[in-house]
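Shown next: coords.pdb, containing PDB, C-alpha atoms, pLDDT in the B column.
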```pdb
MODEL        1
ATOM      1  CA  MET A   1      -9.831  14.410  -2.604  1.00 51.00           C
ATOM      2  CA  GLU A   2     -11.082  14.321  -6.146  1.00 52.00           C
ATOM      3  CA  LEU A   3      -9.309  12.095  -8.634  1.00 50.00           C
ATOM      4  CA  SER A   4      -9.425  14.015 -11.860  1.00 50.00           C
ATOM      5  CA  LYS A   5     -10.384  12.571 -15.185  1.00 53.00           C
ATOM      6  CA  ASP A   6      -7.139  13.809 -16.710  1.00 53.00           C
ATOM      7  CA  ILE A   7      -4.842  11.562 -18.699  1.00 47.00           C
ATOM      8  CA  VAL A   8      -2.606  11.150 -15.636  1.00 58.00           C
ATOM      9  CA  LEU A   9      -2.189   7.546 -14.474  1.00 60.00           C
ATOM     10  CA  ARG A  10      -0.257   8.509 -11.319  1.00 72.00           C
ATOM     11  CA  PRO A  11      -2.202  11.337  -9.602  1.00 81.00           C
ATOM     12  CA  ARG A  12      -0.186  13.972  -7.747  1.00 86.00           C
ATOM     13  CA  PHE A  13      -1.139  16.574  -5.183  1.00 86.00           C
ATOM     14  CA  PHE A  14       0.589  19.380  -3.290  1.00 88.00           C
ATOM     15  CA  GLN A  15      -0.283  21.030  -0.021  1.00 88.00           C
ATOM     16  CA  ASP A  16       1.193  23.442   2.497  1.00 85.00           C
ATOM     17  CA  LEU A  17       1.798  22.164   6.021  1.00 84.00           C
ATOM     18  CA  ASN A  18       1.039  24.073   9.211  1.00 84.00           C
ATOM     19  CA  ILE A  19       3.667  22.123  11.153  1.00 84.00           C
ATOM     20  CA  PRO A  20       7.436  21.863  10.763  1.00 84.00           C
ATOM     21  CA  SER A  21       8.482  19.272   8.224  1.00 84.00           C
ATOM     22  CA  GLU A  22      10.572  17.267  10.721  1.00 86.00           C
ATOM     23  CA  LYS A  23       7.596  17.038  13.081  1.00 88.00           C
ATOM     24  CA  ALA A  24       5.412  15.689  10.257  1.00 86.00           C
ATOM     25  CA  LEU A  25       8.062  13.160   9.256  1.00 87.00           C
ATOM     26  CA  GLU A  26       8.396  11.995  12.871  1.00 88.00           C
ATOM     27  CA  ALA A  27       4.619  11.630  13.117  1.00 88.00           C
ATOM     28  CA  PHE A  28       4.601   9.263  10.134  1.00 88.00           C
ATOM     29  CA  GLU A  29       7.585   7.369  11.509  1.00 88.00           C
ATOM     30  CA  ASN A  30       5.922   6.949  14.927  1.00 88.00           C
ATOM     31  CA  ILE A  31       2.532   5.916  13.609  1.00 87.00           C
ATOM     32  CA  GLY A  32       4.209   3.447  11.264  1.00 85.00           C
ATOM     33  CA  LYS A  33       5.510   1.495  14.261  1.00 85.00           C
ATOM     34  CA  THR A  34       2.017   0.851  15.655  1.00 87.00           C
ATOM     35  CA  CYS A  35      -0.334   1.035  12.658  1.00 84.00           C
ATOM     36  CA  GLN A  36      -1.842  -2.271  11.511  1.00 86.00           C
ATOM     37  CA  ASP A  37      -3.948  -0.857   8.644  1.00 88.00           C
ATOM     38  CA  PHE A  38      -1.028   0.492   6.596  1.00 90.00           C
ATOM     39  CA  LYS A  39       2.672  -0.137   6.188  1.00 92.00           C
ATOM     40  CA  VAL A  40       4.529   3.150   6.669  1.00 91.00           C
ATOM     41  CA  SER A  41       8.222   3.587   5.967  1.00 90.00           C
ATOM     42  CA  ARG A  42      10.409   6.664   5.957  1.00 89.00           C
ATOM     43  CA  VAL A  43      13.644   7.362   4.094  1.00 90.00           C
ATOM     44  CA  ASP A  44      15.079  10.853   4.717  1.00 87.00           C
ATOM     45  CA  HIS A  45      12.276  13.269   3.793  1.00 89.00           C
ATOM     46  CA  HIS A  46      10.276  10.638   1.870  1.00 92.00           C
ATOM     47  CA  VAL A  47       7.390   8.648   3.369  1.00 92.00           C
ATOM     48  CA  PHE A  48       5.885   5.574   1.691  1.00 93.00           C
ATOM     49  CA  ILE A  49       2.436   4.404   2.765  1.00 93.00           C
ATOM     50  CA  ARG A  50       1.346   0.991   1.473  1.00 92.00           C
ATOM     51  CA  ILE A  51      -1.512  -1.427   1.936  1.00 91.00           C
ATOM     52  CA  PRO A  52      -0.433  -4.472   4.024  1.00 89.00           C
ATOM     53  CA  LYS A  53       0.639  -7.518   1.962  1.00 87.00           C
ATOM     54  CA  LYS A  54      -2.321  -9.649   3.069  1.00 89.00           C
ATOM     55  CA  GLU A  55      -4.792  -7.076   1.691  1.00 88.00           C
ATOM     56  CA  GLN A  56      -2.912  -6.173  -1.498  1.00 86.00           C
ATOM     57  CA  HIS A  57      -4.016  -7.082  -4.982  1.00 85.00           C
ATOM     58  CA  PHE A  58      -2.286  -6.479  -8.313  1.00 85.00           C
ATOM     59  CA  TRP A  59      -3.640  -2.922  -8.589  1.00 84.00           C
ATOM     60  CA  SER A  60      -3.116  -1.857  -4.959  1.00 88.00           C
ATOM     61  CA  PRO A  61      -1.731   1.687  -4.891  1.00 90.00           C
ATOM     62  CA  GLN A  62       0.895   3.185  -2.662  1.00 92.00           C
ATOM     63  CA  LEU A  63       1.269   6.791  -1.575  1.00 92.00           C
ATOM     64  CA  HIS A  64       4.680   8.425  -1.803  1.00 92.00           C
ATOM     65  CA  LEU A  65       4.994  11.625   0.206  1.00 92.00           C
ATOM     66  CA  GLU A  66       7.843  14.087   0.030  1.00 92.00           C
ATOM     67  CA  ILE A  67       7.900  16.567   2.896  1.00 89.00           C
ATOM     68  CA  TYR A  68      10.366  19.414   2.538  1.00 85.00           C
ATOM     69  CA  ASN A  69      11.067  23.070   3.273  1.00 81.00           C
ATOM     70  CA  ILE A  70      11.659  25.671   0.612  1.00 75.00           C
ATOM     71  CA  GLY A  71      14.273  27.936   2.127  1.00 68.00           C
ATOM     72  CA  GLU A  72      13.003  29.069   5.497  1.00 71.00           C
ATOM     73  CA  GLY A  73       9.446  29.315   4.283  1.00 71.00           C
ATOM     74  CA  GLN A  74       6.357  27.193   4.521  1.00 80.00           C
ATOM     75  CA  PRO A  75       6.842  23.402   4.737  1.00 87.00           C
ATOM     76  CA  LYS A  76       5.435  21.641   1.676  1.00 88.00           C
ATOM     77  CA  LEU A  77       4.021  18.180   1.113  1.00 90.00           C
ATOM     78  CA  LYS A  78       4.118  16.590  -2.314  1.00 91.00           C
ATOM     79  CA  GLY A  79       2.118  13.376  -2.773  1.00 91.00           C
ATOM     80  CA  LEU A  80       2.152  10.835  -5.578  1.00 89.00           C
ATOM     81  CA  PHE A  81      -0.211   7.884  -5.906  1.00 89.00           C
ATOM     82  CA  GLY A  82       1.042   4.993  -7.961  1.00 85.00           C
ATOM     83  CA  PRO A  83       1.054   1.256  -8.307  1.00 86.00           C
ATOM     84  CA  SER A  84       3.693  -0.859  -6.655  1.00 84.00           C
ATOM     85  CA  PRO A  85       7.135  -0.363  -8.194  1.00 85.00           C
ATOM     86  CA  THR A  86       6.983  -3.869  -9.694  1.00 87.00           C
ATOM     87  CA  VAL A  87       3.725  -3.162 -11.541  1.00 87.00           C
ATOM     88  CA  TRP A  88       4.967   0.264 -12.682  1.00 85.00           C
ATOM     89  CA  THR A  89       8.216  -1.238 -13.995  1.00 91.00           C
ATOM     90  CA  LEU A  90       6.256  -3.905 -15.885  1.00 92.00           C
ATOM     91  CA  PHE A  91       4.065  -1.268 -17.529  1.00 89.00           C
ATOM     92  CA  MET A  92       7.036   0.909 -18.471  1.00 91.00           C
ATOM     93  CA  PHE A  93       8.841  -2.124 -19.901  1.00 95.00           C
ATOM     94  CA  LEU A  94       5.790  -3.060 -22.010  1.00 95.00           C
ATOM     95  CA  HIS A  95       5.486   0.534 -23.253  1.00 94.00           C
ATOM     96  CA  PHE A  96       9.192   0.555 -24.143  1.00 96.00           C
ATOM     97  CA  ILE A  97       8.832  -2.711 -26.118  1.00 97.00           C
ATOM     98  CA  VAL A  98       5.775  -1.417 -28.009  1.00 97.00           C
ATOM     99  CA  VAL A  99       7.474   1.896 -28.868  1.00 96.00           C
ATOM    100  CA  THR A 100      10.666   0.152 -29.982  1.00 97.00           C
ATOM    101  CA  LEU A 101       8.728  -2.230 -32.228  1.00 97.00           C
ATOM    102  CA  PHE A 102       6.696   0.691 -33.600  1.00 97.00           C
ATOM    103  CA  ILE A 103       9.867   2.592 -34.517  1.00 97.00           C
ATOM    104  CA  GLY A 104      11.230  -0.573 -36.131  1.00 97.00           C
ATOM    105  CA  ALA A 105       8.031  -0.930 -38.170  1.00 97.00           C
ATOM    106  CA  VAL A 106       8.293   2.715 -39.298  1.00 97.00           C
ATOM    107  CA  VAL A 107      11.880   2.152 -40.454  1.00 97.00           C
ATOM    108  CA  TRP A 108      10.872  -1.081 -42.196  1.00 97.00           C
ATOM    109  CA  MET A 109       8.000   0.724 -43.969  1.00 96.00           C
ATOM    110  CA  TYR A 110      10.297   3.583 -45.040  1.00 96.00           C
ATOM    111  CA  VAL A 111      12.926   1.206 -46.408  1.00 97.00           C
ATOM    112  CA  ASN A 112      10.301  -0.757 -48.336  1.00 96.00           C
ATOM    113  CA  MET A 113       8.826   2.466 -49.729  1.00 96.00           C
ATOM    114  CA  ARG A 114      12.257   3.665 -50.890  1.00 95.00           C
ATOM    115  CA  LEU A 115      12.956   0.278 -52.514  1.00 96.00           C
ATOM    116  CA  ASP A 116       9.533   0.254 -54.209  1.00 95.00           C
ATOM    117  CA  LYS A 117       8.548  -2.937 -52.386  1.00 96.00           C
ATOM    118  CA  PRO A 118       5.168  -3.640 -50.791  1.00 95.00           C
ATOM    119  CA  TYR A 119       4.866  -2.101 -47.335  1.00 94.00           C
ATOM    120  CA  LEU A 120       1.290  -2.995 -46.341  1.00 96.00           C
ATOM    121  CA  LEU A 121       2.471  -5.499 -43.707  1.00 96.00           C
ATOM    122  CA  SER A 122       4.548  -2.858 -41.903  1.00 95.00           C
ATOM    123  CA  ILE A 123       1.550  -0.482 -41.859  1.00 96.00           C
ATOM    124  CA  ILE A 124      -0.635  -3.243 -40.419  1.00 97.00           C
ATOM    125  CA  ILE A 125       2.002  -3.930 -37.733  1.00 97.00           C
ATOM    126  CA  MET A 126       2.191  -0.202 -36.898  1.00 96.00           C
ATOM    127  CA  ILE A 127      -1.596  -0.020 -36.504  1.00 97.00           C
ATOM    128  CA  PHE A 128      -1.543  -3.183 -34.374  1.00 97.00           C
ATOM    129  CA  LEU A 129       1.175  -1.724 -32.114  1.00 97.00           C
ATOM    130  CA  PHE A 130      -0.733   1.546 -31.841  1.00 95.00           C
ATOM    131  CA  VAL A 131      -3.825  -0.409 -30.721  1.00 97.00           C
ATOM    132  CA  ILE A 132      -1.710  -2.310 -28.166  1.00 97.00           C
ATOM    133  CA  TRP A 133      -0.433   1.007 -26.816  1.00 94.00           C
ATOM    134  CA  PHE A 134      -4.032   2.213 -26.317  1.00 93.00           C
ATOM    135  CA  ILE A 135      -4.930  -1.076 -24.641  1.00 95.00           C
ATOM    136  CA  LEU A 136      -2.004  -0.661 -22.227  1.00 93.00           C
ATOM    137  CA  TYR A 137      -3.163   2.858 -21.452  1.00 89.00           C
ATOM    138  CA  PHE A 138      -6.750   1.806 -20.746  1.00 90.00           C
ATOM    139  CA  VAL A 139      -5.600  -1.168 -18.667  1.00 89.00           C
ATOM    140  CA  GLY A 140      -3.685   1.355 -16.559  1.00 85.00           C
ATOM    141  CA  ARG A 141      -6.812   3.498 -16.248  1.00 84.00           C
ATOM    142  CA  ILE A 142      -8.824   0.463 -15.173  1.00 88.00           C
ATOM    143  CA  GLY A 143      -6.144  -0.330 -12.604  1.00 83.00           C
ATOM    144  CA  ARG A 144      -6.343   3.201 -11.237  1.00 80.00           C
ATOM    145  CA  HIS A 145     -10.123   2.892 -11.011  1.00 85.00           C
ATOM    146  CA  VAL A 146      -9.861  -0.458  -9.187  1.00 86.00           C
ATOM    147  CA  GLY A 147      -7.496   1.089  -6.630  1.00 85.00           C
ATOM    148  CA  LYS A 148      -9.508   4.308  -6.142  1.00 86.00           C
ATOM    149  CA  LYS A 149     -11.084   3.198  -2.851  1.00 89.00           C
ATOM    150  CA  GLU A 150      -7.664   2.306  -1.451  1.00 90.00           C
ATOM    151  CA  MET A 151      -6.274   5.634  -2.693  1.00 89.00           C
ATOM    152  CA  ARG A 152      -8.909   7.442  -0.658  1.00 90.00           C
ATOM    153  CA  LYS A 153      -8.031   5.371   2.425  1.00 91.00           C
ATOM    154  CA  LEU A 154      -4.348   6.242   1.993  1.00 91.00           C
ATOM    155  CA  TYR A 155      -5.179   9.931   1.562  1.00 91.00           C
ATOM    156  CA  PHE A 156      -7.416  10.068   4.652  1.00 92.00           C
ATOM    157  CA  PHE A 157      -4.787   8.201   6.695  1.00 92.00           C
ATOM    158  CA  MET A 158      -2.207  10.777   5.605  1.00 91.00           C
ATOM    159  CA  ASN A 159      -4.507  13.672   6.562  1.00 89.00           C
ATOM    160  CA  ASN A 160      -5.389  12.116   9.920  1.00 89.00           C
ATOM    161  CA  THR A 161      -1.715  11.610  10.726  1.00 88.00           C
ATOM    162  CA  ILE A 162      -0.839  15.217   9.875  1.00 88.00           C
ATOM    163  CA  ASN A 163      -3.879  16.586  11.755  1.00 86.00           C
ATOM    164  CA  SER A 164      -3.016  14.523  14.854  1.00 83.00           C
ATOM    165  CA  VAL A 165       0.213  16.507  15.224  1.00 77.00           C
ATOM    166  CA  GLN A 166      -1.379  19.956  15.013  1.00 67.00           C
TER     167      GLN A 166
ENDMDL
END
```
Would you mind writing the file's structure down as structure tokens?
Amino acid sequence: MELSKDIVLRPRFFQDLNIPSEKALEAFENIGKTCQDFKVSRVDHHVFIRIPKKEQHFWSPQLHLEIYNIGEGQPKLKGLFGPSPTVWTLFMFLHFIVVTLFIGAVVWMYVNMRLDKPYLLSIIIMIFLFVIWFILYFVGRIGRHVGKKEMRKLYFFMNNTINSVQ
């Protein structure tokens, strides 16, 4: 599996399965009961594979799999790597705060321009918020890089589980 150098912070992949979707889901459910290296949980046609708590760090990824059928055709697997939901929520919250403050600074600058008042401070704040947004983005990229080895382990575990059923 190659992690692309795209802008994506949460890499996705798709693949066709050679086994029925229910059989694949049962395989993950069964291996999750005995596996010590990963924590596997299943909800309907979703499978979550995580690193055990004792081995996790702030940037530890998880793998979310969705296994489904399209009509009566080929079973499909859709995978999504991402940080823990807590870390992802924190990052989205910080992005929301930065964007909201940026919009506020734009409005403040516009009002000051229309009233012929100095607006240099609002421009400085907008530039500062823009820099913070880039910092958040690159911190996310660093986090993805730190978790790359674990992402590969999750991916190979997923492949081994699917191949063990075939």
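For the file at hand, the PyMOL selection byres ((chain A and resi 14-24) around 7) resolves to Phe13, Leu25, Glu26, Ala27, Phe28, Ile67, Tyr68, Asn69, Gln74, Pro75, Lys76, Leu77, Lys78, Gly79, Ile162 and Gln166 of chain A.
As for CA of Pro85 (chain A) and CA of Lys149 (chain A), they are spaced 19.3 Å apart.
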Matched chain/residue IDs from the PyMOL selection byres ((chain A and resi 125) around 12), as a ChimeraX atom specification: /A:98-99,101-109,119-124,126-132
Selection to disk with C-alpha atoms, as a short mmCIF file (atom, residue, chain, number, x, y, z; two decimals), keeping the file's coordinate frame:
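As written to disk, selection-v1.cif reads:
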```cif
data_model
loop_
_atom_site.label_atom_id
_atom_site.label_comp_id
_atom_site.auth_asym_id
_atom_site.auth_seq_id
_atom_site.Cartn_x
_atom_site.Cartn_y
_atom_site.Cartn_z
CA VAL A 98 5.78 -1.42 -28.01
CA VAL A 99 7.47 1.90 -28.87
CA LEU A 101 8.73 -2.23 -32.23
CA PHE A 102 6.70 0.69 -33.60
CA ILE A 103 9.87 2.59 -34.52
CA GLY A 104 11.23 -0.57 -36.13
CA ALA A 105 8.03 -0.93 -38.17
CA VAL A 106 8.29 2.72 -39.30
CA VAL A 107 11.88 2.15 -40.45
CA TRP A 108 10.87 -1.08 -42.20
CA MET A 109 8.00 0.72 -43.97
CA TYR A 119 4.87 -2.10 -47.34
CA LEU A 120 1.29 -3.00 -46.34
CA LEU A 121 2.47 -5.50 -43.71
CA SER A 122 4.55 -2.86 -41.90
CA ILE A 123 1.55 -0.48 -41.86
CA ILE A 124 -0.64 -3.24 -40.42
CA MET A 126 2.19 -0.20 -36.90
CA ILE A 127 -1.60 -0.02 -36.50
CA PHE A 128 -1.54 -3.18 -34.37
CA LEU A 129 1.18 -1.72 -32.11
CA PHE A 130 -0.73 1.55 -31.84
CA VAL A 131 -3.82 -0.41 -30.72
CA ILE A 132 -1.71 -2.31 -28.17
#
```
Target residues per the PyMOL selection byres ((chain A and resi 39) around 8), formatted as a VMD selection string: chain A and resid 32 35 to 38 40 to 41 48 to 52
Deliver the residues from the most recent selection as a file, using C-alpha atoms, as a CSV table (one decimal), in the frame of the given file.
```csv
chain,number,residue,atom,x,y,z
A,32,GLY,CA,4.2,3.4,11.3
A,35,CYS,CA,-0.3,1.0,12.7
A,36,GLN,CA,-1.8,-2.3,11.5
A,37,ASP,CA,-3.9,-0.9,8.6
A,38,PHE,CA,-1.0,0.5,6.6
A,40,VAL,CA,4.5,3.2,6.7
A,41,SER,CA,8.2,3.6,6.0
A,48,PHE,CA,5.9,5.6,1.7
A,49,ILE,CA,2.4,4.4,2.8
A,50,ARG,CA,1.3,1.0,1.5
A,51,ILE,CA,-1.5,-1.4,1.9
A,52,PRO,CA,-0.4,-4.5,4.0
```
Spatial neighbours of Met92 (chain A), max dist 12 Å, all atoms listed in the file, sep filter under 3 positions, as a PyMOL selection string: chain A and resi 83+85-89+95-99+133+136-137+140
Nearest to Ile142 (chain A) by atom-to-atom distance, counting only C-alpha atoms, from A:Arg10, A:Pro118, A:Trp59, A:Asn30: A:Trp59
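The residue that comes closest to Val139 (chain A), out of A:Phe91, A:Phe156, A:Asp116, A:Tyr110 and on the basis of all atoms listed in the file, is A:Phe91.
Counting from CA of Ser84 (chain A), the distance to CA of Ser60 (chain A) is 7.1 Å.
From CA of Glu150 (chain A) back to CA of Leu80 (chain A), the distance works out to 13.6 Å.
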Kindly compute an axis-aligned box around the listed atoms of region 40-43 of chain A, allowing 4 Å on each side, and express its centre and edge lengths in Å to one decimal as lines of an AutoDock Vina configuration file.
```
center_x = 9.1
center_y = 5.3
center_z = 5.4
size_x = 17.1
size_y = 12.2
size_z = 10.6
```
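Taking all atoms listed in the file into account, His145 (chain A) lies nearest to A:Pro61 out of the set A:Asn159, A:Asn112, A:Pro61, A:Glu55.
Minimum distance to Phe58 (chain A) across A:Gly82, A:Pro11, A:Gly143, A:Gly73 (counting all atoms listed in the file) occurs at A:Gly143.
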